[in-house]
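Input: a single structure, listed below in structure tokens.
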Amino acid sequence: MLPKPQRLTKEKDFERVYKKGEFFAQDFLMGKMLKNNLNVTRFGIVVGVKISKKATKRNRVKRRLREAVRLKLKDIKKGFDVVIMVRPEIADKDYHEIDAAVTKLLRKAALL
RNA sequence: CAAGUGGACUAGAUGAUCGCCCCCGCGUAAUGGGGGGAGGAAAGUCCGAACACCCUUUGUUCUUCAUGGCAAACCAUUAGCGAACAAAGAAGUGGGUGCUGGGUAAUUCCCAGCGGUCCUGCAGUAAUGUAGGGUUAGGGAAAGUGCCACAGAGACUAUACUAGCUUAUAGCUCGUAGCUUUAGGCAAAAGGUGAAAAGUAUGAGGAUGUAUCUCGAGAUGCUACCUCGUUUCCUCCCGGGUGACUGGGAUGGAUGGCAAACCCCACCUGGUGCAAGACCAAACAAUGGUUGGUUGCUUGACCCCUCAAGUAAUCGAGGGGCUAGAUAGAUGAUCAUCUGAAAAAACAGAAUUCGGCUUAUGGUCCACUUGGGCC
RNA sequence: GGGCGGCUAGCUCAAUUGGUUAGAGCGUCUCGGUGACAUCGAGAAGGUCACAAGUUCGAGUCUUGUGCCGCCCA
């Protein structure tokens with residue numbers, strides 16, 4: 001799990017990133033990012049019902065994504081709000097594939 | 001051995017690294033230390049309750065009018081039978097339940113029983129009875145309405161097509177007799193239709209009628225009606241049972257099915273739901289809505305053990321235990337080893353709480369049923 | 001968390017208050033027609049009425065349970 005200050009929690013924060021954020025994508029991952037004028041980078045992870053109707057599978061995907069992001073936190077540039085979204089193919093991927101995709105995604109966004 | 005049904009138990013272990021949530025009367029300048037951290041279904045939301053607020057009624061107590069002064073502000077309301085506390089839910093538009101007794105906070109749930117029904121065995125000529133097992137939404141059809149397709153003559157006010165008897169009429173014929181046409185009446189035992197044919201069924205004997213077969217007579221099958229025996233249901237009487245029901249007897253009687261068709265009867269039911277509600281702050285003249293936060297939030301119809309009551313569901317007493325409480329939402333990720341056929345081993349993620357029901361599902365064990373093999 | 005609705009042919013929809021063999025349009029296939037195609041004409045195939053159980057003589061229709069899809073409430 002991410003430390004609490006580095007989570008995106010408020011509905012309004014998500015709305016702001018959705019409307020004004022810069023879009024990028026890689027494989028089965030998508031993201032939007034926006035400067036937040038803080039000295040930390042905050043992450044929000046969105047896994048919708050379309051990924052799977054089973055709550056257990058969605059939770060598994062979210063945990064793996066968070067873990068992949070958490071292990072890279074100290075190398076990530078500070079001062080952004082990032083929302084990560086997923087496509088349905090992620091349901092069959094194991095942790096190592098997700099980890100590799102997250103690395104490529106963050107490099108593409110120039111956060112890493 | 002295989003399959004099915006029912007029941008009980010279980011839901012990987014250990015270690016390493018990196019993390020998250022809650023608690024601590026452990027501790028610090030800070031870093032830290034310790035403890036706890038998803039399910040049997042957490043699911044579906046099909047029921048029931050707790051709890052909260054609102055509505056109505058009643059009772060008790062307190063007060064005799066606090067804020068504000070009728071509106072420029074996003075919306076609504078704003079001067080009155082006021083406020084607080086407690087108890088109750090009358091009426092039944094409507095909704096729900098429906099054999100009996102018990103359990104429970106309560107139920108459409110659970111337990112035990114009664115009746116029906118199905119299967120197997122036994123008894124009997126048969127109807128039927130009886131033992132075991134399964135299953136059962138099971139009040140009322142002599143309160144009323146409605147429906148019963150197709151087929152069939154007729155389908156609940158029964159009914160006359162074929163065959164039969166009979167009256168009238170007209171025709172053929174020499175003819176009072178015979179045959180035929182048309183109209184009406186009688187009769188429900190035969191034929192054929194259907195889920196059902198008019199309403200208890202069945203056996204024996206008599207009797208009547210009829211169909212088929214062969215040489216007139218006989219044989220076989222069905223049979224109105226009568227007698228006797230057994231039997232279903234209704235009514236009444238006497239027993240048994242808390243009761244649903246049931247045993248015996250009597251004279252009298254015979255009422256088609258469908259209420260998961262309308263309906264009738266009996267009983268239950270005020271409404272909304274933690275997105276309930278409460279508090280703090282912001283804004284407003286005030287209150288509410290609104291926005292942000294706190295709370296409600298986990299000690300509870302709780303769990304475990306022993307003894308007692310009860311056929312059981314369940315419950316009484318004693319002892320012990322504390323077992324998630326999040327809020328973009330924790331309870332994890334990766335690797336290694338072990339058990340294992342397989343650890344990528346199923347189904348699946350708490351959101352106010354609890355009790356049921358239903359559905360999904362890996363493994364182990366037990367009981368029963370069916371089938372096969374061996375002795 | 002709470003509330004509500006739907007499911008019939010490949011697609012879009014019917015089925016008259018339980019009744020005989022579930023229909024229509026589009027689409028598909030075959031034949032005709034054309035040098036070939038379209039339009040057109042003729043014909044045919046295609047349904048576990050979402051699934052299961054029950055009530056009934058009889059169920060797409062009634063009852064109950066299940067599954068799937070969708071909508072509403074901050």
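Letters for chains follow the order of the structure tokens (A, B, ...), residue numbers begin at 1 for each chain, and ligand numbers begin at 1 in the order shown.
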
**OP:** Write out as an MDAnalysis selection string every residue belonging to chain A that has an atom at most 12 Å from any atom of chain B, counting only C-alpha atoms (C1' of nucleotides).
**Re:** chainID A and resid 1:4 7:14 43:47 53:72 83 92:96 99

Subject >> Exercise: G67 in chain C partners within 10 Å, only C-alpha atoms (C1' of nucleotides), chain neighbours under 4 positions left out, as a VMD selection string >> reply: (chain B and resid 359) or (chain C and resid 50 to 51)

**OP:** Please report, as a ChimeraX atom specification, each residue of chain A to which DSSP assigns alpha helix (DSSP H) when run on this structure's backbone.
**Re:** /A:11-20,55-70,95-108

**OP:** Between C1' of U287 in chain B and C1' of C73 in chain C, measure the distance and give it in Å to one decimal.
**Re:** 25.5 Å

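For chain A, the set of residues given strand (DSSP E or B) by DSSP on the backbone reads Arg7, Glu22, Phe23, Phe24, Ala25, Gln26, Leu29, Met30, Gly31, Lys32, Met33, Leu34, Lys35, Arg42, Phe43, Gly44, Ile45, Val46, Phe80, Asp81, Val82, Val83, Ile84, Met85 and Val86 of chain A.
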
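Going from C1' of G1 in chain C over to CA of Lys50 in chain A, you cover 21.0 Å.
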
**OP:** Report the distance between CA of Met33 in chain A and CA of Gly21 in chain A in Å, rounded to one decimal place.
**Re:** 4.9 Å

Which chain C residues have any atom within 12 Å of an atom of range 150-169 of chain B, and for each, what is the nearest pair of atoms with distance in Å to one decimal, counting only C-alpha atoms (C1' of nucleotides), rows sorted by chain and number, as a tab-separated table?
residue	atom	partner	partner_atom	distance
C:G19	C1'	B:C150	C1'	7.9
C:U20	C1'	B:C150	C1'	5.7
C:C57	C1'	B:C150	C1'	11.9
C:G58	C1'	B:C150	C1'	11.1

Original post:
Neighbours of C4 in chain C within 12 Å (only C-alpha atoms (C1' of nucleotides); same-chain residues fewer than 4 positions away dropped), as a list in words?
Top reply: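 Neighbouring residues, sequence-local ones excluded: G70, C71, C72 and C73 of chain C.
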
Preceding selection exported with N, CA and C atoms (P, O5', C5', C4', C3', O3' and C1' of nucleotides) as a PDB file, in the first residue's frame:
ATOM      1  P     G C  70     -25.111  -4.353 -18.555  1.00  0.00           P
ATOM      2  O5'   G C  70     -26.402  -3.436 -18.312  1.00  0.00           O
ATOM      3  C5'   G C  70     -26.979  -2.758 -19.415  1.00  0.00           C
ATOM      4  C4'   G C  70     -28.341  -2.219 -19.075  1.00  0.00           C
ATOM      5  C3'   G C  70     -28.403  -1.098 -18.051  1.00  0.00           C
ATOM      6  O3'   G C  70     -27.990   0.159 -18.568  1.00  0.00           O
ATOM      7  C1'   G C  70     -30.151  -2.629 -17.656  1.00  0.00           C
ATOM      8  P     C C  71     -27.365   1.272 -17.588  1.00  0.00           P
ATOM      9  O5'   C C  71     -28.653   1.866 -16.854  1.00  0.00           O
ATOM     10  C5'   C C  71     -29.650   2.535 -17.601  1.00  0.00           C
ATOM     11  C4'   C C  71     -30.876   2.822 -16.753  1.00  0.00           C
ATOM     12  C3'   C C  71     -30.651   3.668 -15.515  1.00  0.00           C
ATOM     13  O3'   C C  71     -30.536   5.048 -15.807  1.00  0.00           O
ATOM     14  C1'   C C  71     -32.029   1.832 -14.963  1.00  0.00           C
ATOM     15  P     C C  72     -29.627   5.999 -14.879  1.00  0.00           P
ATOM     16  O5'   C C  72     -30.527   6.188 -13.571  1.00  0.00           O
ATOM     17  C5'   C C  72     -31.779   6.835 -13.659  1.00  0.00           C
ATOM     18  C4'   C C  72     -32.516   6.762 -12.342  1.00  0.00           C
ATOM     19  C3'   C C  72     -31.775   7.309 -11.140  1.00  0.00           C
ATOM     20  O3'   C C  72     -31.831   8.718 -11.060  1.00  0.00           O
ATOM     21  C1'   C C  72     -32.751   5.232 -10.584  1.00  0.00           C
ATOM     22  P     C C  73     -30.620   9.564 -10.393  1.00  0.00           P
ATOM     23  O5'   C C  73     -30.812   9.259  -8.842  1.00  0.00           O
ATOM     24  C5'   C C  73     -31.954   9.747  -8.154  1.00  0.00           C
ATOM     25  C4'   C C  73     -31.930   9.312  -6.708  1.00  0.00           C
ATOM     26  C3'   C C  73     -30.661   9.653  -5.946  1.00  0.00           C
ATOM     27  O3'   C C  73     -30.665  10.995  -5.497  1.00  0.00           O
ATOM     28  C1'   C C  73     -31.297   7.418  -5.497  1.00  0.00           C
TER      29        C C  73
END
